[in-house]
$ cat work_21.cif   # mmCIF, C-alpha atoms and all ligand atoms
data_protein
loop_
_atom_site.group_PDB
_atom_site.id
_atom_site.type_symbol
_atom_site.label_atom_id
_atom_site.label_comp_id
_atom_site.auth_asym_id
_atom_site.auth_seq_id
_atom_site.Cartn_x
_atom_site.Cartn_y
_atom_site.Cartn_z
ATOM 1 C CA MET A 1 0.000 0.000 0.000
ATOM 2 C CA ARG A 2 1.194 3.495 -0.830
ATOM 3 C CA ASN A 3 2.507 5.435 2.176
ATOM 4 C CA PRO A 4 -0.046 8.254 2.790
ATOM 5 C CA VAL A 5 2.251 10.573 4.815
ATOM 6 C CA PRO A 6 4.113 12.364 1.953
ATOM 7 C CA ASP A 7 0.818 13.161 0.186
ATOM 8 C CA LEU A 8 -0.752 14.374 3.409
ATOM 9 C CA LEU A 9 2.167 16.718 4.109
ATOM 10 C CA ASP A 10 1.982 18.134 0.554
ATOM 11 C CA GLU A 11 -1.742 18.602 0.916
ATOM 12 C CA VAL A 12 -1.383 20.424 4.238
ATOM 13 C CA ARG A 13 1.343 22.644 2.780
ATOM 14 C CA ARG A 14 -0.843 23.565 -0.212
ATOM 15 C CA ALA A 15 -3.846 24.214 2.015
ATOM 16 C CA CYS A 16 -1.884 26.563 4.300
ATOM 17 C CA VAL A 17 0.356 28.425 1.856
ATOM 18 C CA ASP A 18 -2.040 31.161 0.687
ATOM 19 C CA GLY A 19 -2.134 34.666 2.084
ATOM 20 C CA ASP A 20 0.508 37.005 3.399
ATOM 21 C CA GLU A 21 -0.745 37.719 6.899
ATOM 22 C CA GLY A 22 1.821 38.328 9.572
ATOM 23 C CA GLU A 23 5.044 40.304 9.735
ATOM 24 C CA LEU A 24 8.726 39.495 9.758
ATOM 25 C CA LEU A 25 10.391 40.107 13.084
ATOM 26 C CA ASP A 26 11.975 43.538 13.228
ATOM 27 C CA THR A 27 13.843 43.366 16.533
ATOM 28 C CA ILE A 28 16.774 41.305 15.177
ATOM 29 C CA PRO A 29 18.003 43.246 12.089
ATOM 30 C CA GLU A 30 19.516 40.196 10.345
ATOM 31 C CA LEU A 31 16.192 38.292 10.498
ATOM 32 C CA ALA A 32 14.263 41.103 8.805
ATOM 33 C CA ASP A 33 15.913 40.069 5.495
ATOM 34 C CA ALA A 34 14.456 36.531 5.486
ATOM 35 C CA ASP A 35 12.411 35.441 2.427
ATOM 36 C CA PRO A 36 8.852 35.726 3.810
ATOM 37 C CA ASP A 37 7.402 33.191 1.363
ATOM 38 C CA ARG A 38 9.389 30.180 2.454
ATOM 39 C CA PHE A 39 7.332 27.354 3.878
ATOM 40 C CA ALA A 40 8.295 23.853 4.987
ATOM 41 C CA ILE A 41 6.866 21.007 7.045
ATOM 42 C CA ALA A 42 8.607 17.840 8.288
ATOM 43 C CA LEU A 43 7.473 14.908 10.373
ATOM 44 C CA CYS A 44 9.551 12.225 12.098
ATOM 45 C CA THR A 45 8.062 8.920 13.248
ATOM 46 C CA ILE A 46 9.167 6.882 16.248
ATOM 47 C CA ASP A 47 11.189 4.528 14.007
ATOM 48 C CA GLY A 48 13.260 7.510 12.794
ATOM 49 C CA THR A 49 11.718 7.958 9.334
ATOM 50 C CA VAL A 50 11.677 11.644 8.345
ATOM 51 C CA TYR A 51 9.242 13.086 5.774
ATOM 52 C CA GLY A 52 9.504 16.646 4.457
ATOM 53 C CA THR A 53 7.750 18.999 2.060
ATOM 54 C CA GLY A 54 8.481 22.493 0.686
ATOM 55 C CA ASP A 55 11.729 24.245 1.690
ATOM 56 C CA ASP A 56 12.607 21.404 4.027
ATOM 57 C CA GLU A 57 16.374 21.812 3.587
ATOM 58 C CA HIS A 58 16.391 25.565 4.097
ATOM 59 C CA ARG A 59 18.245 26.500 7.275
ATOM 60 C CA PHE A 60 17.135 29.188 9.705
ATOM 61 C CA THR A 61 18.085 30.081 13.289
ATOM 62 C CA ILE A 62 16.420 27.996 15.954
ATOM 63 C CA GLN A 63 15.785 30.992 18.284
ATOM 64 C CA SER A 64 13.376 30.175 21.118
ATOM 65 C CA ILE A 65 12.929 26.574 19.994
ATOM 66 C CA SER A 66 16.340 26.055 21.606
ATOM 67 C CA LYS A 67 14.800 26.802 25.028
ATOM 68 C CA PRO A 68 13.255 23.385 25.796
ATOM 69 C CA PHE A 69 16.490 21.673 24.758
ATOM 70 C CA ALA A 70 18.705 23.905 26.914
ATOM 71 C CA TYR A 71 16.223 23.230 29.739
ATOM 72 C CA ALA A 72 16.631 19.488 29.114
ATOM 73 C CA LEU A 73 20.430 19.779 29.311
ATOM 74 C CA ALA A 74 20.250 21.884 32.500
ATOM 75 C CA LEU A 75 17.944 19.307 34.128
ATOM 76 C CA ALA A 76 20.227 16.449 33.087
ATOM 77 C CA ASP A 77 23.374 18.288 34.263
ATOM 78 C CA ARG A 78 22.129 19.831 37.541
ATOM 79 C CA GLY A 79 19.114 17.745 38.578
ATOM 80 C CA ARG A 80 15.479 18.791 38.948
ATOM 81 C CA GLU A 81 15.667 20.408 42.400
ATOM 82 C CA SER A 82 18.583 22.616 41.589
ATOM 83 C CA VAL A 83 16.999 23.844 38.337
ATOM 84 C CA LEU A 84 13.664 24.492 40.088
ATOM 85 C CA GLU A 85 15.442 26.684 42.640
ATOM 86 C CA HIS A 86 16.324 29.041 39.777
ATOM 87 C CA VAL A 87 13.390 28.786 37.322
ATOM 88 C CA GLY A 88 9.689 27.949 37.874
ATOM 89 C CA VAL A 89 7.181 26.004 35.789
ATOM 90 C CA GLU A 90 4.121 28.276 35.775
ATOM 91 C CA PRO A 91 2.728 29.798 32.571
ATOM 92 C CA SER A 92 3.234 33.552 32.561
ATOM 93 C CA GLY A 93 0.520 34.676 30.151
ATOM 94 C CA ASP A 94 2.999 37.394 29.175
ATOM 95 C CA ALA A 95 4.950 38.123 25.997
ATOM 96 C CA PHE A 96 8.215 36.214 25.466
ATOM 97 C CA ASN A 97 10.460 39.129 26.426
ATOM 98 C CA GLU A 98 8.442 40.333 29.432
ATOM 99 C CA ILE A 99 9.803 40.902 32.939
ATOM 100 C CA SER A 100 8.077 37.950 34.503
ATOM 101 C CA LEU A 101 9.234 36.986 37.983
ATOM 102 C CA GLU A 102 7.536 35.204 40.866
ATOM 103 C CA GLN A 103 7.349 36.758 44.349
ATOM 104 C CA ASN A 104 10.485 34.873 45.358
ATOM 105 C CA GLY A 105 12.422 36.306 42.394
ATOM 106 C CA ARG A 106 12.401 33.179 40.231
ATOM 107 C CA PRO A 107 11.621 33.637 36.540
ATOM 108 C CA ARG A 108 8.225 32.049 35.947
ATOM 109 C CA ASN A 109 9.288 29.445 33.408
ATOM 110 C CA PRO A 110 12.161 28.473 31.066
ATOM 111 C CA MET A 111 10.257 29.195 27.823
ATOM 112 C CA ILE A 112 10.213 33.002 28.134
ATOM 113 C CA ASN A 113 13.479 34.908 27.688
ATOM 114 C CA ILE A 114 13.996 35.807 31.342
ATOM 115 C CA GLY A 115 13.747 32.131 32.364
ATOM 116 C CA ALA A 116 15.649 30.885 29.326
ATOM 117 C CA ILE A 117 18.642 33.106 30.124
ATOM 118 C CA ALA A 118 18.694 31.762 33.706
ATOM 119 C CA THR A 119 18.332 28.223 32.347
ATOM 120 C CA HIS A 120 21.165 28.622 29.843
ATOM 121 C CA ALA A 121 23.469 29.501 32.755
ATOM 122 C CA LEU A 122 22.600 26.155 34.402
ATOM 123 C CA VAL A 123 23.801 23.994 31.511
ATOM 124 C CA GLY A 124 27.000 22.099 32.385
ATOM 125 C CA GLU A 125 28.781 22.191 35.725
ATOM 126 C CA ALA A 126 28.664 25.192 38.068
ATOM 127 C CA GLY A 127 31.528 27.590 37.351
ATOM 128 C CA MET A 128 32.081 26.339 33.803
ATOM 129 C CA SER A 129 33.612 28.915 31.416
ATOM 130 C CA ARG A 130 31.294 30.523 28.863
ATOM 131 C CA GLU A 131 33.202 28.870 26.014
ATOM 132 C CA ARG A 132 32.862 25.391 27.515
ATOM 133 C CA ARG A 133 29.185 25.962 28.194
ATOM 134 C CA ASP A 134 28.698 27.059 24.555
ATOM 135 C CA VAL A 135 30.263 23.759 23.462
ATOM 136 C CA ARG A 136 28.024 21.759 25.827
ATOM 137 C CA VAL A 137 24.925 23.556 24.452
ATOM 138 C CA ARG A 138 25.939 23.111 20.811
ATOM 139 C CA GLU A 139 26.880 19.457 21.261
ATOM 140 C CA GLY A 140 23.768 18.753 23.323
ATOM 141 C CA LEU A 141 21.385 20.273 20.767
ATOM 142 C CA SER A 142 23.314 18.504 17.993
ATOM 143 C CA ALA A 143 22.761 15.172 19.751
ATOM 144 C CA PHE A 144 19.006 15.892 19.774
ATOM 145 C CA ALA A 145 19.150 16.672 16.035
ATOM 146 C CA GLY A 146 21.477 13.791 15.165
ATOM 147 C CA ARG A 147 23.940 16.000 13.262
ATOM 148 C CA ASP A 148 26.445 18.779 14.011
ATOM 149 C CA LEU A 149 24.634 22.103 14.281
ATOM 150 C CA GLU A 150 26.461 25.369 13.559
ATOM 151 C CA VAL A 151 26.015 28.948 14.745
ATOM 152 C CA ASP A 152 24.955 31.642 12.260
ATOM 153 C CA GLU A 153 27.587 34.214 13.236
ATOM 154 C CA ALA A 154 25.811 37.051 11.363
ATOM 155 C CA VAL A 155 22.573 36.518 13.301
ATOM 156 C CA PHE A 156 24.550 36.165 16.536
ATOM 157 C CA ASP A 157 26.329 39.507 15.925
ATOM 158 C CA SER A 158 23.102 41.156 14.897
ATOM 159 C CA GLU A 159 21.273 40.061 18.025
ATOM 160 C CA ARG A 160 24.212 40.898 20.257
ATOM 161 C CA SER A 161 24.178 44.467 18.950
ATOM 162 C CA GLU A 162 20.525 44.767 20.031
ATOM 163 C CA SER A 163 20.648 42.918 23.327
ATOM 164 C CA SER A 164 19.807 45.611 25.893
ATOM 165 C CA ARG A 165 16.449 44.079 26.732
ATOM 166 C CA ASN A 166 17.860 40.579 27.275
ATOM 167 C CA LEU A 167 20.695 42.109 29.319
ATOM 168 C CA ALA A 168 18.175 43.968 31.457
ATOM 169 C CA LEU A 169 16.341 40.691 32.064
ATOM 170 C CA ALA A 170 19.604 38.953 32.995
ATOM 171 C CA TYR A 171 20.538 41.727 35.439
ATOM 172 C CA LEU A 172 17.145 41.452 37.105
ATOM 173 C CA VAL A 173 17.585 37.701 37.637
ATOM 174 C CA HIS A 174 21.108 38.367 38.882
ATOM 175 C CA ALA A 175 19.813 40.944 41.360
ATOM 176 C CA GLN A 176 17.377 38.313 42.674
ATOM 177 C CA GLU A 177 20.314 35.897 43.099
ATOM 178 C CA LYS A 178 18.735 33.432 40.697
ATOM 179 C CA LEU A 179 21.410 33.688 37.998
ATOM 180 C CA ASP A 180 24.334 31.282 38.157
ATOM 181 C CA GLY A 181 27.187 33.443 36.828
ATOM 182 C CA GLU A 182 27.471 36.849 35.164
ATOM 183 C CA PRO A 183 24.668 38.556 33.186
ATOM 184 C CA HIS A 184 26.855 39.335 30.140
ATOM 185 C CA ASP A 185 28.098 35.761 29.883
ATOM 186 C CA ALA A 186 24.596 34.353 30.253
ATOM 187 C CA VAL A 187 23.157 36.624 27.542
ATOM 188 C CA GLU A 188 26.000 36.024 25.055
ATOM 189 C CA GLY A 189 25.710 32.283 25.545
ATOM 190 C CA TYR A 190 21.926 32.415 25.273
ATOM 191 C CA ILE A 191 22.116 34.429 22.032
ATOM 192 C CA ARG A 192 24.613 31.923 20.557
ATOM 193 C CA GLN A 193 22.217 29.142 21.533
ATOM 194 C CA CYS A 194 19.390 30.967 19.681
ATOM 195 C CA ALA A 195 21.600 31.421 16.580
ATOM 196 C CA LEU A 196 22.100 27.692 15.926
ATOM 197 C CA LEU A 197 21.024 26.794 12.396
ATOM 198 C CA VAL A 198 18.428 24.078 11.751
ATOM 199 C CA ASP A 199 15.997 22.999 9.045
ATOM 200 C CA VAL A 200 12.531 21.532 9.616
ATOM 201 C CA ARG A 201 13.876 17.995 9.295
ATOM 202 C CA ASP A 202 16.197 18.699 12.253
ATOM 203 C CA LEU A 203 13.249 20.086 14.232
ATOM 204 C CA ALA A 204 11.203 16.957 13.522
ATOM 205 C CA VAL A 205 14.021 14.679 14.776
ATOM 206 C CA MET A 206 14.654 16.870 17.838
ATOM 207 C CA ALA A 207 10.928 16.789 18.626
ATOM 208 C CA MET A 208 10.752 13.016 18.178
ATOM 209 C CA THR A 209 13.772 12.560 20.467
ATOM 210 C CA LEU A 210 11.891 14.403 23.225
ATOM 211 C CA ALA A 211 8.730 12.439 22.413
ATOM 212 C CA ALA A 212 10.669 9.150 22.575
ATOM 213 C CA GLY A 213 11.897 9.688 26.133
ATOM 214 C CA GLY A 214 15.263 11.146 25.119
ATOM 215 C CA ARG A 215 16.414 8.490 22.648
ATOM 216 C CA ASN A 216 17.212 9.897 19.215
ATOM 217 C CA PRO A 217 15.304 7.601 16.825
ATOM 218 C CA VAL A 218 17.812 8.158 13.998
ATOM 219 C CA THR A 219 21.149 7.749 15.810
ATOM 220 C CA GLY A 220 19.922 5.547 18.676
ATOM 221 C CA GLN A 221 21.728 7.777 21.207
ATOM 222 C CA GLN A 222 20.092 8.303 24.619
ATOM 223 C CA VAL A 223 20.604 12.070 24.774
ATOM 224 C CA VAL A 224 18.977 12.803 28.169
ATOM 225 C CA PRO A 225 17.192 10.586 30.731
ATOM 226 C CA THR A 226 13.484 9.904 30.214
ATOM 227 C CA TRP A 227 12.337 11.843 33.329
ATOM 228 C CA VAL A 228 13.904 14.962 31.806
ATOM 229 C CA CYS A 229 11.657 14.656 28.732
ATOM 230 C CA THR A 230 8.547 14.315 30.902
ATOM 231 C CA GLN A 231 9.466 17.556 32.655
ATOM 232 C CA VAL A 232 10.336 19.402 29.425
ATOM 233 C CA LEU A 233 7.183 18.310 27.559
ATOM 234 C CA SER A 234 5.013 19.347 30.516
ATOM 235 C CA VAL A 235 6.475 22.833 30.487
ATOM 236 C CA MET A 236 6.174 23.034 26.676
ATOM 237 C CA ALA A 237 2.502 22.076 26.936
ATOM 238 C CA THR A 238 1.731 24.868 29.399
ATOM 239 C CA CYS A 239 4.205 27.604 28.392
ATOM 240 C CA GLY A 240 5.631 26.812 24.936
ATOM 241 C CA MET A 241 3.489 29.129 22.832
ATOM 242 C CA TYR A 242 3.818 32.121 25.163
ATOM 243 C CA ASP A 243 0.583 34.005 25.789
ATOM 244 C CA ALA A 244 -1.169 31.806 23.172
ATOM 245 C CA ALA A 245 -0.357 28.594 25.081
ATOM 246 C CA GLY A 246 -3.930 27.964 26.271
ATOM 247 C CA ASP A 247 -5.459 28.622 22.880
ATOM 248 C CA TRP A 248 -2.856 26.368 21.242
ATOM 249 C CA MET A 249 -3.450 23.539 23.708
ATOM 250 C CA SER A 250 -7.189 23.586 23.105
ATOM 251 C CA THR A 251 -7.031 23.803 19.297
ATOM 252 C CA VAL A 252 -3.857 21.834 18.442
ATOM 253 C CA GLY A 253 -3.232 19.823 21.614
ATOM 254 C CA ILE A 254 0.467 19.083 21.037
ATOM 255 C CA PRO A 255 3.307 20.231 23.361
ATOM 256 C CA ALA A 256 5.132 22.777 21.209
ATOM 257 C CA LYS A 257 7.634 25.611 20.988
ATOM 258 C CA SER A 258 7.931 28.459 18.515
ATOM 259 C CA GLY A 259 10.849 30.698 17.556
ATOM 260 C CA VAL A 260 10.914 34.221 16.122
ATOM 261 C CA ALA A 261 12.778 33.162 12.958
ATOM 262 C CA GLY A 262 9.547 31.326 11.981
ATOM 263 C CA GLY A 263 10.070 27.789 13.217
ATOM 264 C CA VAL A 264 7.549 25.760 15.238
ATOM 265 C CA LEU A 265 8.308 22.388 16.840
ATOM 266 C CA GLY A 266 5.678 19.968 18.135
ATOM 267 C CA SER A 267 6.351 16.832 20.124
ATOM 268 C CA LEU A 268 3.630 14.250 20.757
ATOM 269 C CA PRO A 269 4.781 11.758 23.440
ATOM 270 C CA GLY A 270 5.403 8.277 22.062
ATOM 271 C CA GLN A 271 4.091 9.197 18.633
ATOM 272 C CA VAL A 272 5.505 11.874 16.399
ATOM 273 C CA GLY A 273 7.822 14.874 16.057
ATOM 274 C CA ILE A 274 6.837 17.764 13.761
ATOM 275 C CA GLY A 275 8.712 20.852 12.539
ATOM 276 C CA THR A 276 7.392 23.747 10.441
ATOM 277 C CA PHE A 277 8.991 26.900 9.084
ATOM 278 C CA SER A 278 7.504 30.091 7.680
ATOM 279 C CA PRO A 279 8.851 33.500 8.698
ATOM 280 C CA ARG A 280 5.725 35.679 8.914
ATOM 281 C CA LEU A 281 4.678 35.971 12.564
ATOM 282 C CA ASP A 282 1.427 36.822 14.303
ATOM 283 C CA GLU A 283 1.344 39.538 16.969
ATOM 284 C CA ILE A 284 2.418 37.045 19.651
ATOM 285 C CA GLY A 285 5.513 35.985 17.693
ATOM 286 C CA ASN A 286 4.278 32.596 16.420
ATOM 287 C CA SER A 287 4.541 31.678 12.705
ATOM 288 C CA VAL A 288 1.171 32.270 11.001
ATOM 289 C CA ARG A 289 1.427 29.384 8.525
ATOM 290 C CA GLY A 290 3.121 27.203 11.117
ATOM 291 C CA VAL A 291 0.137 27.547 13.459
ATOM 292 C CA ARG A 292 -2.234 26.817 10.555
ATOM 293 C CA ALA A 293 -0.250 23.727 9.475
ATOM 294 C CA PHE A 294 -0.252 22.360 13.032
ATOM 295 C CA GLU A 295 -4.013 22.896 13.374
ATOM 296 C CA ARG A 296 -4.561 21.008 10.159
ATOM 297 C CA LEU A 297 -2.127 18.151 10.908
ATOM 298 C CA SER A 298 -3.555 17.705 14.378
ATOM 299 C CA ALA A 299 -7.091 17.445 12.952
ATOM 300 C CA GLU A 300 -6.181 15.190 9.985
ATOM 301 C CA LEU A 301 -4.045 12.786 12.012
ATOM 302 C CA GLY A 302 -6.094 12.934 15.248
ATOM 303 C CA LEU A 303 -3.046 14.120 17.222
ATOM 304 C CA HIS A 304 -4.761 16.163 19.959
ATOM 305 C CA LEU A 305 -3.356 14.959 23.271
ATOM 306 C CA MET A 306 -6.783 15.153 24.948
ATOM 307 C CA HIS A 307 -8.547 13.293 22.168
ATOM 308 C CA ALA A 308 -9.853 9.911 23.384
ATOM 309 C CA PRO A 309 -9.062 7.347 20.670
HETATM 310 N N1 LIG B 401 16.710 35.237 20.484
HETATM 311 C C1 LIG B 401 15.374 35.753 20.597
HETATM 312 C C2 LIG B 401 15.304 36.748 21.749
HETATM 313 O O1 LIG B 401 16.012 36.564 22.706
HETATM 314 C C3 LIG B 401 14.461 34.600 20.801
HETATM 315 C C4 LIG B 401 13.040 35.005 20.986
HETATM 316 C C5 LIG B 401 12.066 34.040 20.376
HETATM 317 O O2 LIG B 401 12.374 33.227 19.502
HETATM 318 N N2 LIG B 401 10.830 34.190 20.774
HETATM 319 O O3 LIG B 401 14.572 37.717 21.716
#
$ encode --input "work_21.cif" --output "structure tokens" --more "lines below"
Ligand code: GLN
Amino acid sequence: MRNPVPDLLDEVRRACVDGDEGELLDTIPELADADPDRFAIALCTIDGTVYGTGDDEHRFTIQSISKPFAYALALADRGRESVLEHVGVEPSGDAFNEISLEQNGRPRNPMINIGAIATHALVGEAGMSRERRDVRVREGLSAFAGRDLEVDEAVFDSERSESSRNLALAYLVHAQEKLDGEPHDAVEGYIRQCALLVDVRDLAVMAMTLAAGGRNPVTGQQVVPTWVCTQVLSVMATCGMYDAAGDWMSTVGIPAKSGVAGGVLGSLPGQVGIGTFSPRLDEIGNSVRGVRAFERLSAELGLHLMHAP
């Protein structure tokens, strides 16, 4: 029998490609030059088969989609208690770059910038140099993807030149004694983490690795322990789509994370990993076509987590 997945992906891409709603991000100068019409979808199954459609080999910076993976590495390296002392797990309902702290000074969760910067600083051992931490982050995310990921130095420089807001967030966490290390180091490392280049096929494999309890289905490597994935997917489900997280959970029903370069990653435990890319963003910072493609795939394939089979 003919495999229905490639046709389904093509169909979803065609159904979601029309229209030019949404805007390119304008806060990172280098990203404002992206081709707004690009569109790609990829899906990875639990046996490691990857299907793609559209611009599925076009590379873009991972941006905030790196956050759940850095969180996974921090949990694996420091343990759950130690990470929870620095960063919470409650949805903020605020924009991704908001000042969002709990009463006790902890950033609310690791999916918004303020929590992601604190989380980045927890990857590796305490007191590790920034350079060694950068290597740990790059190698860790590469293990999730199953290939060596590289940094887009132009995007890194561009974002570094506009980093006052992220620096302000880092200083706030530092003032609350919730930052392990120096604000400048944490922000530079975090921005390098966001500038790693991926395509949608990488996102699909990274998502499937999380959904498979930490075992990369392509390379067979156990990247992080299974309990780490349970924690990360829970936080993605409640906080991954920023202030649209509740709406997303009710319509799409897949733990997910978006990035401002236009990527979206969805990870359905035990079942499937999905990546989409299209640079035009809605007012919250989520890819317009990416959201549409996920809504459609979830409906067509019956992927909603709360859907009784
Ligand atoms: N690097 C971006 C920032 O720090 C990531 C934001 C995002 O993808 N939402 O602003």
$ atom_distance --input "work_21.cif" --atom1 "atom CA of A:Ala76" --atom2 "atom CA of A:Cys194"
19.8 Å
$ residues_near_ligand --input "work_21.cif" --ligand "ligand LIG 401 (chain B)" --cutoff "6 Å" --atoms "all atoms listed in the file" --output "list of chain:residue names"
A:Gln63, A:Ser64, A:Phe96, A:Asn113, A:Ile191, A:Cys194, A:Gly259, A:Val260
$ closest_residue --input "work_21.cif" --among "A:Gly146, A:Pro4, A:Pro269, A:Pro309" --to "A:Thr219" --atoms "only C-alpha atoms"
A:Gly146
$ resolve_selection --input "work_21.cif" --expression "the PyMOL selection byres (((chain A and resi 289) around 10) and not hetatm)" --output "ChimeraX atom specification"
/A:13,15-22,39-40,262-264,276-282,286-288,290-295
$ closest_residue --input "work_21.cif" --among "A:Tyr171, A:Phe156, A:Tyr71, A:Phe60" --to "A:Val87" --atoms "all atoms listed in the file"
A:Tyr71
$ resolve_selection --input "work_21.cif" --expression "the PyMOL selection byres (((chain A and resi 144) around 7) and not hetatm)" --output "PyMOL selection string"
chain A and resi 140-143+145-146+206+209+216+223
$ residues_around --input "work_21.cif" --residues "A:Glu182" --least-positions-apart "4" --cutoff "10 Å" --atoms "all atoms listed in the file" --output "ChimeraX atom specification"
/A:121,130,170-171,174,186-187
$ resolve_selection --input "work_21.cif" --expression "the PyMOL selection byres (((chain A and resi 307) around 12) and not hetatm)" --output "list of chain:residue names"
A:Met249, A:Ser250, A:Thr251, A:Val252, A:Gly253, A:Ile254, A:Ser298, A:Ala299, A:Leu301, A:Gly302, A:Leu303, A:His304, A:Leu305, A:Met306, A:Ala308, A:Pro309
$ residues_around --input "work_21.cif" --residues "A:Ser82" --least-positions-apart "5" --cutoff "12 Å" --atoms "only C-alpha atoms" --output "MDAnalysis selection string"
chainID A and resid 74:77 87:88 119 122:123 125:126 178:180
$ closest_residue --input "work_21.cif" --among "A:Leu268, A:Ile46, A:Ala261, A:Met236" --to "A:Pro91" --atoms "only C-alpha atoms"
A:Met236
$ closest_residue --input "work_21.cif" --among "A:Ala154, A:Val235, A:Val173, A:Leu149" --to "A:Ala118" --atoms "all atoms listed in the file"
A:Val173
$ closest_residue --input "work_21.cif" --among "A:Tyr51, A:Leu297, A:Ser163, A:Val205" --to "A:Val5" --atoms "all atoms listed in the file"
A:Tyr51
$ closest_residue --input "work_21.cif" --among "A:Arg215, A:Gly54, A:Ala204, A:Ile28" --to "A:Glu11" --atoms "all atoms listed in the file"
A:Gly54
$ residues_around --input "work_21.cif" --residues "A:Cys229" --least-positions-apart "3" --cutoff "8 Å" --atoms "all atoms listed in the file" --output "number ranges by chain"
A: 72, 210-211, 213-214, 224-226, 232-233
$ build_atoms --input "work_21.cif" --residues "stretch 198-209 of chain A" --atoms "N, CA and C atoms" --output "PDB file, keeping the file's coordinate frame"
ATOM      1  N   VAL A 198      19.130  25.361  11.931  1.00  0.00           N
ATOM      2  CA  VAL A 198      18.428  24.078  11.751  1.00  0.00           C
ATOM      3  C   VAL A 198      17.546  24.165  10.505  1.00  0.00           C
ATOM      4  N   ASP A 199      17.097  23.009  10.010  1.00  0.00           N
ATOM      5  CA  ASP A 199      15.997  22.999   9.045  1.00  0.00           C
ATOM      6  C   ASP A 199      14.825  22.248   9.684  1.00  0.00           C
ATOM      7  N   VAL A 200      13.703  22.157   8.971  1.00  0.00           N
ATOM      8  CA  VAL A 200      12.531  21.532   9.616  1.00  0.00           C
ATOM      9  C   VAL A 200      12.742  20.044   9.872  1.00  0.00           C
ATOM     10  N   ARG A 201      13.606  19.420   9.075  1.00  0.00           N
ATOM     11  CA  ARG A 201      13.876  17.995   9.295  1.00  0.00           C
ATOM     12  C   ARG A 201      14.594  17.820  10.644  1.00  0.00           C
ATOM     13  N   ASP A 202      15.534  18.732  10.933  1.00  0.00           N
ATOM     14  CA  ASP A 202      16.197  18.699  12.253  1.00  0.00           C
ATOM     15  C   ASP A 202      15.163  18.865  13.363  1.00  0.00           C
ATOM     16  N   LEU A 203      14.259  19.843  13.184  1.00  0.00           N
ATOM     17  CA  LEU A 203      13.249  20.086  14.232  1.00  0.00           C
ATOM     18  C   LEU A 203      12.407  18.841  14.473  1.00  0.00           C
ATOM     19  N   ALA A 204      12.041  18.152  13.378  1.00  0.00           N
ATOM     20  CA  ALA A 204      11.203  16.957  13.522  1.00  0.00           C
ATOM     21  C   ALA A 204      11.945  15.877  14.318  1.00  0.00           C
ATOM     22  N   VAL A 205      13.236  15.696  14.050  1.00  0.00           N
ATOM     23  CA  VAL A 205      14.021  14.679  14.776  1.00  0.00           C
ATOM     24  C   VAL A 205      14.216  15.098  16.237  1.00  0.00           C
ATOM     25  N   MET A 206      14.487  16.383  16.457  1.00  0.00           N
ATOM     26  CA  MET A 206      14.654  16.870  17.838  1.00  0.00           C
ATOM     27  C   MET A 206      13.357  16.658  18.622  1.00  0.00           C
ATOM     28  N   ALA A 207      12.235  16.953  17.976  1.00  0.00           N
ATOM     29  CA  ALA A 207      10.928  16.789  18.626  1.00  0.00           C
ATOM     30  C   ALA A 207      10.663  15.319  18.927  1.00  0.00           C
ATOM     31  N   MET A 208      10.996  14.453  17.974  1.00  0.00           N
ATOM     32  CA  MET A 208      10.752  13.016  18.178  1.00  0.00           C
ATOM     33  C   MET A 208      11.639  12.481  19.293  1.00  0.00           C
ATOM     34  N   THR A 209      12.864  13.007  19.400  1.00  0.00           N
ATOM     35  CA  THR A 209      13.772  12.560  20.467  1.00  0.00           C
ATOM     36  C   THR A 209      13.160  12.874  21.843  1.00  0.00           C
TER      37      THR A 209
END
